[in-house]
Each structure stands twice: as structure tokens, then as C-alpha cells.
>>> print(open('structure-v4.csv').read())   # CSV, C-alpha atoms
chain,number,residue,atom,x,y,z
N,1,MET,CA,-14.4,159.3,53.5
N,2,SER,CA,-16.0,156.6,51.3
N,3,ASN,CA,-14.7,158.4,48.1
N,4,ARG,CA,-11.1,158.3,49.5
N,5,THR,CA,-11.5,154.6,50.3
N,6,GLU,CA,-12.7,154.0,46.7
N,7,ALA,CA,-9.7,156.0,45.3
N,8,GLN,CA,-7.4,153.9,47.5
N,9,ARG,CA,-9.0,150.7,46.2
N,10,LYS,CA,-8.5,151.9,42.6
N,11,GLN,CA,-4.8,152.7,43.3
N,12,TYR,CA,-4.4,149.3,44.9
N,13,ARG,CA,-5.9,147.7,41.8
N,14,LEU,CA,-3.6,149.8,39.6
N,15,SER,CA,-0.6,148.6,41.5
N,16,VAL,CA,-1.7,144.9,41.3
N,17,GLY,CA,-2.2,145.4,37.6
N,18,LEU,CA,1.4,146.9,37.3
N,19,ARG,CA,2.8,143.9,39.2
N,20,ALA,CA,0.8,141.4,37.1
N,21,MET,CA,2.2,143.1,33.9
N,22,THR,CA,5.7,142.9,35.3
N,23,VAL,CA,5.3,139.2,36.0
N,24,ALA,CA,3.8,138.6,32.6
N,25,LEU,CA,6.6,140.5,30.9
N,26,ALA,CA,9.2,138.5,32.8
N,27,VAL,CA,7.4,135.2,31.9
N,28,PHE,CA,7.2,136.3,28.3
N,29,ALA,CA,10.9,137.2,28.1
N,30,GLY,CA,11.8,134.0,30.0
N,31,GLY,CA,9.5,131.9,27.7
N,32,VAL,CA,11.1,133.4,24.6
N,33,MET,CA,14.6,132.6,25.9
N,34,VAL,CA,13.8,129.1,27.1
N,35,PHE,CA,11.9,128.0,24.0
N,36,ALA,CA,14.6,129.5,21.7
N,37,ALA,CA,17.3,127.6,23.6
N,38,ALA,CA,15.2,124.4,23.9
N,39,THR,CA,14.3,124.5,20.2
N,40,ARG,CA,17.9,125.0,19.3
N,41,ARG,CA,19.0,122.1,21.4
N,42,ALA,CA,16.0,119.8,21.2
N,43,VAL,CA,15.5,119.6,17.5
N,44,PRO,CA,19.1,118.5,16.6
N,45,TYR,CA,19.1,116.1,19.5
N,46,LEU,CA,15.8,114.5,18.8
N,47,THR,CA,16.5,114.2,15.1
N,48,SER,CA,20.0,112.8,15.6
N,49,ASP,CA,20.6,109.2,14.5
N,50,GLU,CA,21.4,107.8,17.9
N,51,VAL,CA,18.1,109.1,19.4
N,52,TRP,CA,16.0,108.7,16.4
N,53,GLU,CA,16.7,105.0,16.0
N,54,ASN,CA,15.1,104.5,19.4
N,55,ILE,CA,12.0,106.6,19.1
N,56,ALA,CA,11.0,106.5,15.4
N,57,PHE,CA,8.2,104.3,14.2
N,58,ARG,CA,6.8,103.7,10.7
N,59,CYS,CA,9.4,106.1,9.5
N,60,PRO,CA,9.4,107.0,5.8
N,61,SER,CA,12.5,106.2,3.8
N,62,ASN,CA,13.7,109.8,3.5
N,63,PRO,CA,12.1,111.9,6.2
N,64,LEU,CA,13.9,115.2,5.6
N,65,SER,CA,13.5,115.3,1.8
N,66,PRO,CA,12.0,118.3,0.0
N,67,GLU,CA,9.1,116.1,-1.0
N,68,ARG,CA,8.4,115.2,2.6
N,69,TRP,CA,8.5,118.9,3.7
N,70,GLU,CA,6.2,119.8,0.8
N,71,GLU,CA,3.8,117.1,2.0
N,72,ILE,CA,3.9,118.5,5.5
N,73,LEU,CA,3.5,122.1,4.5
N,74,SER,CA,0.9,121.6,1.8
N,75,GLY,CA,-1.8,120.7,4.3
N,76,HIS,CA,-1.2,123.7,6.4
N,77,ARG,CA,-1.2,126.7,4.0
N,78,ILE,CA,-4.7,127.7,5.0
N,79,PHE,CA,-3.7,127.7,8.7
N,80,THR,CA,-0.7,129.8,7.8
N,81,VAL,CA,-2.9,132.3,6.1
N,82,ILE,CA,-5.3,132.4,9.1
N,83,VAL,CA,-2.4,132.9,11.5
N,84,LEU,CA,-1.0,135.7,9.3
N,85,LEU,CA,-4.4,137.5,9.1
N,86,LEU,CA,-4.7,137.2,12.9
N,87,CYS,CA,-1.2,138.7,13.4
N,88,VAL,CA,-2.0,141.5,11.0
N,89,ALA,CA,-5.2,142.2,13.0
N,90,ILE,CA,-3.1,142.3,16.2
N,91,LEU,CA,-0.6,144.7,14.6
N,92,PHE,CA,-3.5,146.9,13.2
N,93,ARG,CA,-5.1,147.1,16.6
N,94,PHE,CA,-1.7,148.0,18.2
N,95,GLU,CA,-1.3,150.8,15.6
N,96,ARG,CA,-4.5,152.3,16.8
N,97,VAL,CA,-3.3,152.2,20.4
N,98,CYS,CA,-0.1,153.9,19.3
N,99,ALA,CA,-2.2,156.6,17.6
N,100,GLN,CA,-4.1,157.2,20.8
N,101,ILE,CA,-0.8,157.5,22.7
N,102,GLY,CA,0.5,159.9,20.1
N,103,ALA,CA,-2.6,162.0,20.7
N,104,ASP,CA,-1.7,162.3,24.4
N,105,ASN,CA,-4.6,160.0,25.3
N,106,SER,CA,-2.6,157.0,26.7
N,107,PHE,CA,-5.0,156.0,29.4
N,108,SER,CA,-8.3,155.8,27.6
N,109,ARG,CA,-11.2,153.3,27.3
N,110,GLU,CA,-10.3,152.8,23.7
N,111,ASN,CA,-6.8,151.7,24.5
N,112,ALA,CA,-8.0,149.4,27.2
N,113,ASN,CA,-10.4,147.8,24.7
N,114,GLY,CA,-7.6,147.7,22.2
N,115,PHE,CA,-5.4,145.7,24.4
N,116,ARG,CA,-8.3,143.4,25.3
N,117,THR,CA,-9.0,142.8,21.6
N,118,MET,CA,-5.3,142.0,21.1
N,119,ALA,CA,-5.5,139.5,23.9
N,120,TRP,CA,-8.5,137.7,22.3
N,121,LEU,CA,-6.7,137.7,18.9
N,122,ALA,CA,-3.6,136.2,20.4
N,123,LEU,CA,-5.7,133.6,22.2
N,124,VAL,CA,-7.5,132.7,19.0
N,125,THR,CA,-4.1,132.3,17.3
N,126,ALA,CA,-3.0,129.9,20.0
N,127,VAL,CA,-6.2,127.9,19.5
N,128,VAL,CA,-5.5,127.8,15.8
N,129,TYR,CA,-2.0,126.4,16.5
N,130,ILE,CA,-3.5,123.9,18.9
N,131,VAL,CA,-5.9,122.7,16.1
N,132,LYS,CA,-2.9,122.6,13.8
N,133,ILE,CA,-0.9,120.4,16.1
N,134,VAL,CA,-3.9,118.1,16.8
N,135,LEU,CA,-4.5,117.6,13.1
N,136,TYR,CA,-0.9,117.2,12.4
N,137,ALA,CA,-0.6,114.6,15.2
N,138,GLY,CA,-3.5,112.7,13.5
N,139,ARG,CA,-1.7,112.7,10.2
N,140,CYS,CA,1.5,111.5,11.8
N,141,LEU,CA,-0.2,108.6,13.5
N,142,SER,CA,-1.7,107.5,10.2
N,143,GLY,CA,1.2,108.4,7.9
N,144,GLY,CA,4.3,108.0,10.0
N,145,PHE,CA,6.2,110.0,12.6
N,146,ASP,CA,9.5,111.2,11.3
N,147,ARG,CA,12.2,113.7,12.1
N,148,ALA,CA,10.4,116.4,10.2
N,149,ALA,CA,7.4,115.9,12.5
N,150,VAL,CA,9.6,116.6,15.5
N,151,VAL,CA,10.8,119.9,14.1
N,152,VAL,CA,7.3,121.0,13.2
N,153,SER,CA,5.8,119.8,16.6
N,154,VAL,CA,8.4,121.7,18.6
N,155,ILE,CA,7.8,124.9,16.5
N,156,TYR,CA,4.0,124.6,16.9
N,157,GLY,CA,4.3,124.0,20.6
N,158,SER,CA,6.6,127.0,21.0
N,159,MET,CA,4.1,129.2,19.1
N,160,ILE,CA,1.2,128.0,21.3
N,161,VAL,CA,3.0,128.9,24.5
N,162,LEU,CA,4.3,132.3,23.2
N,163,PHE,CA,0.9,133.4,22.0
N,164,LEU,CA,-0.7,132.3,25.3
N,165,ILE,CA,1.9,134.4,27.2
N,166,PHE,CA,1.3,137.3,24.8
N,167,ALA,CA,-2.5,137.0,25.4
N,168,PHE,CA,-2.0,137.1,29.2
N,169,LEU,CA,0.3,140.1,28.8
N,170,CYS,CA,-2.2,142.1,26.7
N,171,ARG,CA,-5.0,141.2,29.1
N,172,SER,CA,-3.0,142.5,32.1
N,173,LEU,CA,-2.2,145.6,30.2
N,174,SER,CA,-5.9,146.1,29.3
N,175,LYS,CA,-6.9,146.0,33.0
N,176,LEU,CA,-4.0,148.3,34.0
N,177,VAL,CA,-4.9,150.9,31.3
N,178,PHE,CA,-8.6,150.8,32.3
N,179,ASN,CA,-7.8,151.3,36.0
N,180,ALA,CA,-5.5,154.2,35.1
N,181,TYR,CA,-8.3,155.7,32.9
N,182,GLU,CA,-10.7,155.6,35.8
N,183,VAL,CA,-8.2,157.3,38.1
N,184,LYS,CA,-7.5,159.9,35.4
N,185,LEU,CA,-11.2,160.5,34.9
N,186,GLU,CA,-11.7,161.0,38.6
N,187,ASN,CA,-8.9,163.5,38.6
N,188,GLU,CA,-10.2,165.4,35.6
N,189,LEU,CA,-13.6,165.7,37.1
N,190,THR,CA,-12.2,167.3,40.2
N,191,ILE,CA,-12.8,171.0,39.6
Q,192,MET,CA,-26.1,164.5,45.7
Q,193,ILE,CA,-24.5,168.0,46.0
Q,194,VAL,CA,-25.7,170.4,43.3
Q,195,VAL,CA,-23.8,173.6,42.5
Q,196,ASN,CA,-26.4,176.4,41.7
Q,197,VAL,CA,-24.5,179.3,40.2
Q,198,ASP,CA,-27.2,180.5,37.8
Q,199,VAL,CA,-29.2,182.4,40.5
Q,200,MET,CA,-26.1,184.1,41.8
Q,201,LEU,CA,-24.9,184.8,38.2
Q,202,ALA,CA,-28.2,186.5,37.5
Q,203,LYS,CA,-28.1,188.5,40.7
Q,204,ARG,CA,-24.6,189.7,40.0
Q,205,LYS,CA,-25.3,190.2,36.3
Q,206,MET,CA,-22.4,188.1,35.3
Q,207,SER,CA,-21.9,185.6,32.5
Q,208,VAL,CA,-20.6,182.0,32.9
Q,209,THR,CA,-17.6,183.0,30.8
Q,210,GLU,CA,-16.8,185.9,33.1
Q,211,LEU,CA,-17.1,183.7,36.2
Q,212,ALA,CA,-14.9,181.0,34.6
Q,213,ASP,CA,-12.3,183.6,33.8
Q,214,LYS,CA,-12.3,185.0,37.4
Q,215,VAL,CA,-12.2,181.6,39.0
Q,216,GLY,CA,-9.5,180.4,36.6
Q,217,ILE,CA,-11.2,177.3,35.2
Q,218,THR,CA,-12.3,176.5,31.7
Q,219,ILE,CA,-15.9,176.9,30.3
Q,220,ALA,CA,-16.0,173.1,30.0
Q,221,ASN,CA,-15.1,172.6,33.7
Q,222,MET,CA,-17.7,175.2,34.6
Q,223,SER,CA,-20.2,173.3,32.6
Q,224,VAL,CA,-19.2,170.0,34.4
Q,225,LEU,CA,-19.7,171.8,37.7
Q,226,LYS,CA,-23.1,173.2,36.7
Q,227,THR,CA,-24.4,169.9,35.4
Q,228,GLY,CA,-23.4,168.0,38.5
Q,229,LYS,CA,-20.9,165.7,36.7
Q,230,ALA,CA,-18.0,166.8,38.9
Q,231,LYS,CA,-16.6,164.2,41.2
Q,232,ALA,CA,-15.0,166.7,43.6
Q,233,VAL,CA,-14.6,170.4,44.0
Q,234,LYS,CA,-11.5,171.8,45.6
Q,235,LEU,CA,-12.0,174.2,48.4
Q,236,SER,CA,-9.7,176.7,46.6
Q,237,THR,CA,-12.1,176.6,43.6
Q,238,LEU,CA,-15.2,177.1,45.9
Q,239,ASP,CA,-13.3,179.9,47.6
Q,240,LYS,CA,-12.7,181.6,44.2
Q,241,ILE,CA,-16.3,181.1,43.1
Q,242,CYS,CA,-17.6,182.7,46.4
Q,243,GLU,CA,-15.2,185.6,46.0
Q,244,ALA,CA,-16.2,186.2,42.4
Q,245,LEU,CA,-20.0,186.0,43.2
Q,246,ASP,CA,-19.6,187.7,46.6
Q,247,CYS,CA,-21.7,185.0,48.3
Q,248,GLN,CA,-21.5,182.2,50.9
Q,249,PRO,CA,-21.0,178.5,50.0
Q,250,GLY,CA,-24.5,177.8,51.2
Q,251,ASP,CA,-25.8,180.2,48.6
Q,252,ILE,CA,-24.6,178.0,45.7
Q,253,LEU,CA,-24.4,174.5,47.2
Q,254,GLU,CA,-27.5,172.4,47.6
Q,255,TYR,CA,-28.0,168.9,48.8
Q,256,LYS,CA,-30.6,166.8,46.9
Q,257,LYS,CA,-31.6,163.5,48.5
Q,258,GLY,CA,-31.9,160.3,46.5
Q,259,GLU,CA,-30.0,161.4,43.3
Q,260,ILE,CA,-26.6,160.1,42.3
>>> encode(input="structure-v4.csv", output="C-alpha cells")
Amino acid sequence: MSNRTEAQRKQYRLSVGLRAMTVALAVFAGGVMVFAAATRRAVPYLTSDEVWENIAFRCPSNPLSPERWEEILSGHRIFTVIVLLLCVAILFRFERVCAQIGADNSFSRENANGFRTMAWLALVTAVVYIVKIVLYAGRCLSGGFDRAAVVVSVIYGSMIVLFLIFAFLCRSLSKLVFNAYEVKLENELTI
Amino acid sequence: MIVVNVDVMLAKRKMSVTELADKVGITIANMSVLKTGKAKAVKLSTLDKICEALDCQPGDILEYKKGEI
């Protein structure tokens, strides 16, 4: 009787994991659509002349010049390389998960750990973007806040939110796969 | 903890583990899982086939050991 209760508890945890993953997927998809729409609308609006004249301060003479963009981007190349390496690590880990699925071993401890690793990497990437945006805010406060800064800030903010949602999604998937692995193991050890 | 002791019956019936596994319809790996006590559950149909193959009672091969998990 206690074994059946334990099995029922595991099934319940599995269903909760499935629902959490559904919610995370919906939030991720919604987040992508909202931020894409918001970025598309916000950037032209916030950088338009009528709005910019009211919100800009210590604005450089030519905020959207190639030299200004080069100044913005030059300080962030190292961050870009770090983010690229983290994204490659996430993709590499996902490839190993796909290899396990291809070997008919979808619900395994390795896959659960793989998704957990991907969640941590996505969280670290979001933290890197947070550091970027904090450092960038510091530079803007000392050097001037211009229209290019608005574009960059919106993009950085979007990336932070998207990577946080992705991290939550991977974590939910990790728990789901681990619970499924435990149920599978119990079934396999029933002779 | 319930332990499945098939070794004594196998010796009495002069049967190998492989033969028993074939008669019961399970793999050698699963038979090993059963013998080493790692099985989480045993289906009554499997127990039925084991007893039929070894011509014995369930009590002849099942043993309860207190305090082990």
C-alpha cells in the first residue's frame, strides 16, 4: 500500500512538472511576442524627435553616428564573446540531450542533469547581461544618455528577460525528466 | 525486505539460471535483478511461472529478512 502511495505521489509530481512546463512554454512564447512587439514600437517611439527632446539630457551632438555606435560597442566585445561562449555551451549540452533521446533513452538522469546545466548556463547569461546593463548605465550617466543608449538598453533588457524565462523552462524540464526517469526505473525493476 | 532465493531450488531441480529465465520468459538481466534483491516489484504472473518451472511453492523461494532495505 505504501508503495502505491509513493507511485501516486510520483505521478502527481510528474503532472505538476508537466503543467509547470506548459506554463513556462506559454510565458516564454508570450514573452518573445511581447518583447518583439514592444521593441519594435518602443525604440522608434523613444528615439523620435518629439519624445527625445523631452527626455534626453547631456546628449552628444550626433547620437546615432557610426562613431557613437563604435564607442558603444567597443566596450562590450568581451561581454559578447562571453555570451557567445555560454550560448555555444547551452547548444552543446542540448546536443548531448538529443543524442540520448536518439538512443531511446529520453528519460534518464543524464538528460535531467543536462537540462539543469542548460538552466544554470541561461541564468549565468542573464546575469552577464545584467552586469552589461549596469556598466552601460554607469557609462551613460557619466558620458551622456542618447538615443543609441535607448536602443541598446531595450535590447539588453529583452535578452535578460528571455534568458530568465529560458532558464525557468529548462529547470522545469529537468524536474519533469527526472520524475519520469524515476517512474521508468520503478517500472523497469518490476519483474 | 523480501528476498527471492532461487539458487536452492535451481540446485534441487538441476536447472541453470539461463534455463529458468527461458522458461519464465524473462531476460538473464532481470533474473539477476531478482536474485540480487534489486527488484522493486514482482508480478504474480512471474512468480507463478517461476513456481511452475521449479515445481515449488512461493514460500520455498520467498524469504523475509528483517531490517534490510
>>> closest_residue(input="structure-v4.csv", among="N:Ser15, N:Ala112, N:Ala122, N:Ala103", to="Val88 of chain N", atoms="only C-alpha atoms")
N:Ala122
>>> closest_atom_pairs(input="structure-v4.csv", of="chain N", to="chain Q", cutoff="10 Å", atoms="only C-alpha atoms", output="Markdown table")
| residue | atom | partner | partner_atom | distance |
| --- | --- | --- | --- | --- |
| N:Asn3 | CA | Q:Lys231 | CA | 9.2 |
| N:Leu185 | CA | Q:Lys231 | CA | 9.1 |
| N:Glu186 | CA | Q:Lys231 | CA | 6.4 |
| N:Asn187 | CA | Q:Lys231 | CA | 8.2 |
| N:Glu188 | CA | Q:Ala230 | CA | 8.6 |
| N:Leu189 | CA | Q:Ala230 | CA | 4.9 |
| N:Thr190 | CA | Q:Ala232 | CA | 4.4 |
| N:Ile191 | CA | Q:Val233 | CA | 4.8 |
>>> atom_distance(input="structure-v4.csv", atom1="atom CA of Asp49 of chain N", atom2="atom CA of Ser153 of chain N")
18.3 Å
>>> atom_distance(input="structure-v4.csv", atom1="atom CA of Glu50 of chain N", atom2="atom CA of Gly157 of chain N")
23.7 Å
>>> atom_distance(input="structure-v4.csv", atom1="atom CA of Lys256 of chain Q", atom2="atom CA of Gly228 of chain Q")
11.1 Å
>>> residues_around(input="structure-v4.csv", residues="Ala202 of chain Q", least_positions_apart="5", cutoff="12 Å", atoms="only C-alpha atoms", output="MDAnalysis selection string")
chainID Q and resid 196:197 207:208 211 245
>>> write_last_selection(input="structure-v4.csv", atoms="C-alpha atoms", output="PDB file, keeping the file's coordinate frame")
ATOM      1  CA  ASN Q 196     -26.400 176.400  41.700  1.00  0.00           C
ATOM      2  CA  VAL Q 197     -24.500 179.300  40.200  1.00  0.00           C
ATOM      3  CA  SER Q 207     -21.900 185.600  32.500  1.00  0.00           C
ATOM      4  CA  VAL Q 208     -20.600 182.000  32.900  1.00  0.00           C
ATOM      5  CA  LEU Q 211     -17.100 183.700  36.200  1.00  0.00           C
ATOM      6  CA  LEU Q 245     -20.000 186.000  43.200  1.00  0.00           C
TER       7      LEU Q 245
END
